[in-house]
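One structure below.
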Amino acid sequence: MTAEPAPTVRDLLAFYLEAGVDCALGDEPIDRLSAPDQPVVTLAPEGSPPAAARQPLKPTVATAPRADIAPPPDIAIESAREAARTAPTLEALRTLLDSFDGCALKFTASRLVFADGNPQARLMFVGEAPGRDEDIEGLPFVGRSGQLLNRMIAAIGLKRSDVYIANVIPWRPPGNRTPTPQETQICLPFIKRQIELVNPDVIVTLGNPSTQTLLRVREGIMKTRGKWFDYDTGTRTVRAMATFHPAYLLRSPAYKRMSWLDLRAIAKALEQSAAAPRQA
Ligand code: URA
């Protein structure tokens, strides 16, 4: 029997990419398959200075704060609620979220992706979670789906800077995997508080995950899109509509026609709410 040739670096990279691994989490590789349970004590090479005189190594994923030291979900959810409740402003909320260690996604993402746009906007879009481009830039919807979202916003006569854009999850899940229900529940108090502080007249949920989470529906986007829901911000009830996620529209452009109908309804609702005095 002839042995299989060893995979080339190109083969391995292609394999990783296909598996959703598209970024490095640390500077040094860690062989987790051979890692013993006990912490490894690295012996200094012969002739190296005494331990106290050696420079500390740059922290890698193994020594940096890690996903596996995030608190249990029920404690994390409770502390997220508490933290979100106490934030008096969007800036304070961003600062709190940045120092919140309850969600493991924080430790694999490059940075927090809080929001973009106008904090006084009357229209707020909420997506699922940042992707690779958003993780690099620290802003939601800046990749290909963000460009389509910009065109959707322009289609109703607005600019990106006229609206407010955020996600239910503010950290990129590794390899863009679907956030777990626990991760979603931990992040939920923060996006709810964000909505409350922005206090928009109309909320648009983009795609299934944000629709099901925020509008508390079980049906899929094909059934929920284009319908109006009442969303209770905590201080008042605002109108909310689900529509297709731009990433979905990029894959299935035939649905752009339906999304156009949703956008027309959203523009009309904004006109109506502009005619009525805005509630505090
Ligand atoms: N998809 C989302 O749901 N949010 C982003 O910010 C980018 C892509």
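Starting from 1 in every chain, residues are counted up; chains themselves are A, B, ... following the order of the structure tokens, and ligands are numbered from 1 as listed.
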Would you tabulate, counting only C-alpha atoms and all ligand atoms, all residues of chain A that have an atom at most 8 Å from an atom of ligand 1, showing the closest pair of atoms and their distance in Å to one decimal, sorted by chain then ascending number, as a tab-separated table?
residue	atom	partner	partner_atom_place_in_ligand_line	distance
A:Val113	CA	ligand 1	6 (O)	7.7
A:Val126	CA	ligand 1	3 (O)	7.5
A:Gly127	CA	ligand 1	3 (O)	3.8
A:Glu128	CA	ligand 1	3 (O)	3.6
A:Ala129	CA	ligand 1	3 (O)	4.4
A:Pro130	CA	ligand 1	6 (O)	3.9
A:Gly131	CA	ligand 1	7 (C)	5.1
A:Asp133	CA	ligand 1	7 (C)	7.8
A:Glu134	CA	ligand 1	6 (O)	5.8
A:Leu139	CA	ligand 1	6 (O)	7.0
A:Pro140	CA	ligand 1	6 (O)	3.5
A:Phe141	CA	ligand 1	6 (O)	3.8
A:Val142	CA	ligand 1	7 (C)	6.7
A:Gly143	CA	ligand 1	7 (C)	6.7
A:Ser145	CA	ligand 1	8 (C)	6.0
A:Gly146	CA	ligand 1	7 (C)	6.4
A:Ala166	CA	ligand 1	6 (O)	7.0
A:Asn167	CA	ligand 1	4 (N)	5.8
A:Leu206	CA	ligand 1	3 (O)	7.1
A:Gly207	CA	ligand 1	3 (O)	7.8
A:His245	CA	ligand 1	3 (O)	7.2
A:Pro246	CA	ligand 1	1 (N)	7.8
A:Ala247	CA	ligand 1	1 (N)	6.9
Selection: 10 Å around Leu215 in chain A, only C-alpha atoms, excl. self and same-chain fewer than 3 positions, as a VMD selection string: chain A and resid 205 209 to 212 218 224 229 to 232 240 to 242
Using only C-alpha atoms: which of A:Ile266, A:Ile186, A:Val202, A:Ile77 has the shortest distance to Met152 in chain A: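 Looking only at the distances to Met152 in chain A, the closest residue turns out to be A:Ile266.
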Please provide the set of residues having any atom within 9 Å of Lys192 in chain A, restricted to only C-alpha atoms, with same-chain residues fewer than 3 positions apart removed, written as a tab-separated table (two decimals) with N, CA, C and O atoms, in the first residue's frame.
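Contents of selection_33.tsv, as written:
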chain	number	residue	atom	x	y	z
A	84	ALA	N	-26.25	46.38	31.47
A	84	ALA	CA	-26.99	47.13	30.45
A	84	ALA	C	-27.97	48.11	31.10
A	84	ALA	O	-28.11	49.25	30.66
A	168	VAL	N	-27.30	42.15	17.00
A	168	VAL	CA	-27.65	41.52	18.28
A	168	VAL	C	-26.37	41.11	19.01
A	168	VAL	O	-26.22	41.31	20.21
A	187	CYS	N	-25.89	38.45	25.06
A	187	CYS	CA	-25.74	39.76	24.40
A	187	CYS	C	-27.06	40.53	24.32
A	187	CYS	O	-27.06	41.75	24.12
A	188	LEU	N	-28.17	39.82	24.48
A	188	LEU	CA	-29.49	40.44	24.29
A	188	LEU	C	-29.74	41.69	25.14
A	188	LEU	O	-30.23	42.70	24.61
A	189	PRO	N	-29.42	41.68	26.43
A	189	PRO	CA	-29.71	42.90	27.21
A	189	PRO	C	-29.01	44.14	26.66
A	189	PRO	O	-29.53	45.26	26.77
A	195	ILE	N	-31.30	49.83	21.82
A	195	ILE	CA	-32.54	50.26	21.14
A	195	ILE	C	-33.25	51.30	22.01
A	195	ILE	O	-33.71	52.34	21.53
A	196	GLU	N	-33.30	51.00	23.31
A	196	GLU	CA	-33.99	51.92	24.22
A	196	GLU	C	-33.33	53.31	24.21
A	196	GLU	O	-34.01	54.34	24.19
A	197	LEU	N	-32.00	53.33	24.19
A	197	LEU	CA	-31.29	54.61	24.24
A	197	LEU	C	-31.38	55.36	22.91
A	197	LEU	O	-31.46	56.58	22.89
A	214	LEU	N	-35.35	39.43	18.59
A	214	LEU	CA	-35.90	40.70	19.09
A	214	LEU	C	-37.43	40.75	19.03
A	214	LEU	O	-38.06	41.36	19.90
A	233	THR	N	-39.79	49.06	23.80
A	233	THR	CA	-38.39	49.44	24.09
A	233	THR	C	-38.10	49.46	25.59
A	233	THR	O	-36.96	49.57	25.99
A	234	GLY	N	-39.17	49.41	26.38
A	234	GLY	CA	-39.00	49.57	27.83
A	234	GLY	C	-39.60	50.90	28.26
A	234	GLY	O	-40.04	51.06	29.39
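Using only C-alpha atoms, the smallest distance between any of A:Trp228, A:Val198, A:Phe190, A:Tyr164 and Glu82 in chain A comes from A:Phe190.
Distance annotation: of A:Arg160, A:Arg257, A:Arg122, A:Lys227, the residue with the minimal separation from Asn199 in chain A is A:Arg122; atom set is only C-alpha atoms.
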Close residues, Thr86 in chain A itself excluded, 12 Å, only C-alpha atoms, min 6 positions apart in chain, as a PyMOL selection string: chain A and resi 79-80+92-97+189-190+193-194+197
Those residues with C-alpha atoms, as an mmCIF file, in the first residue's frame please?
data_model
loop_
_atom_site.group_PDB
_atom_site.id
_atom_site.type_symbol
_atom_site.label_atom_id
_atom_site.label_comp_id
_atom_site.auth_asym_id
_atom_site.auth_seq_id
_atom_site.Cartn_x
_atom_site.Cartn_y
_atom_site.Cartn_z
ATOM 1 C CA SER A 79 -24.562 40.405 34.871
ATOM 2 C CA ALA A 80 -25.297 41.510 31.271
ATOM 3 C CA ALA A 92 -21.519 54.390 28.640
ATOM 4 C CA LEU A 93 -23.101 51.269 27.169
ATOM 5 C CA ARG A 94 -20.248 50.885 24.687
ATOM 6 C CA THR A 95 -17.694 51.240 27.501
ATOM 7 C CA LEU A 96 -19.533 48.692 29.649
ATOM 8 C CA LEU A 97 -19.780 46.245 26.780
ATOM 9 C CA PRO A 189 -29.706 42.903 27.214
ATOM 10 C CA PHE A 190 -27.090 45.108 25.533
ATOM 11 C CA ARG A 193 -30.683 48.779 25.963
ATOM 12 C CA GLN A 194 -29.116 50.159 22.793
ATOM 13 C CA LEU A 197 -31.288 54.611 24.240
#
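Of the listed residues (A:Leu105, A:Met258, A:Ala70, A:Ala3), A:Leu105 comes nearest to Pro173 in chain A; the distances count only C-alpha atoms.
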Residue contacts of Gln182 in chain A (12 Å, only C-alpha atoms) excluding same-chain residues fewer than 5 positions away, as an NGL selection string: :A and (71-77 or 102-105 or 169 or 187-188 or 213)
One-decimal distance in Å that lies between CA of Ile191 in chain A and CA of Leu263 in chain A: 22.5 Å
For CA of Ala109 in chain A and CA of Gly175 in chain A, the interatomic separation in Å (one decimal):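 One can read the CA of Ala109 in chain A to CA of Gly175 in chain A distance as 9.9 Å.
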Sel. of helix (DSSP H, G or I) residues, range 37-276 of chain A, as a PyMOL selection string: chain A and resi 51-53+67-69+73-86+90-98+104-107+132-137+144-155+160-162+174-176+181-198+208-215+221-224+246-251+253-275
Interatomic distance (Å, one decimal) between CA of Phe107 in chain A and CA of Leu149 in chain A: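 Taking CA of Phe107 in chain A and CA of Leu149 in chain A, their separation equals 28.0 Å.
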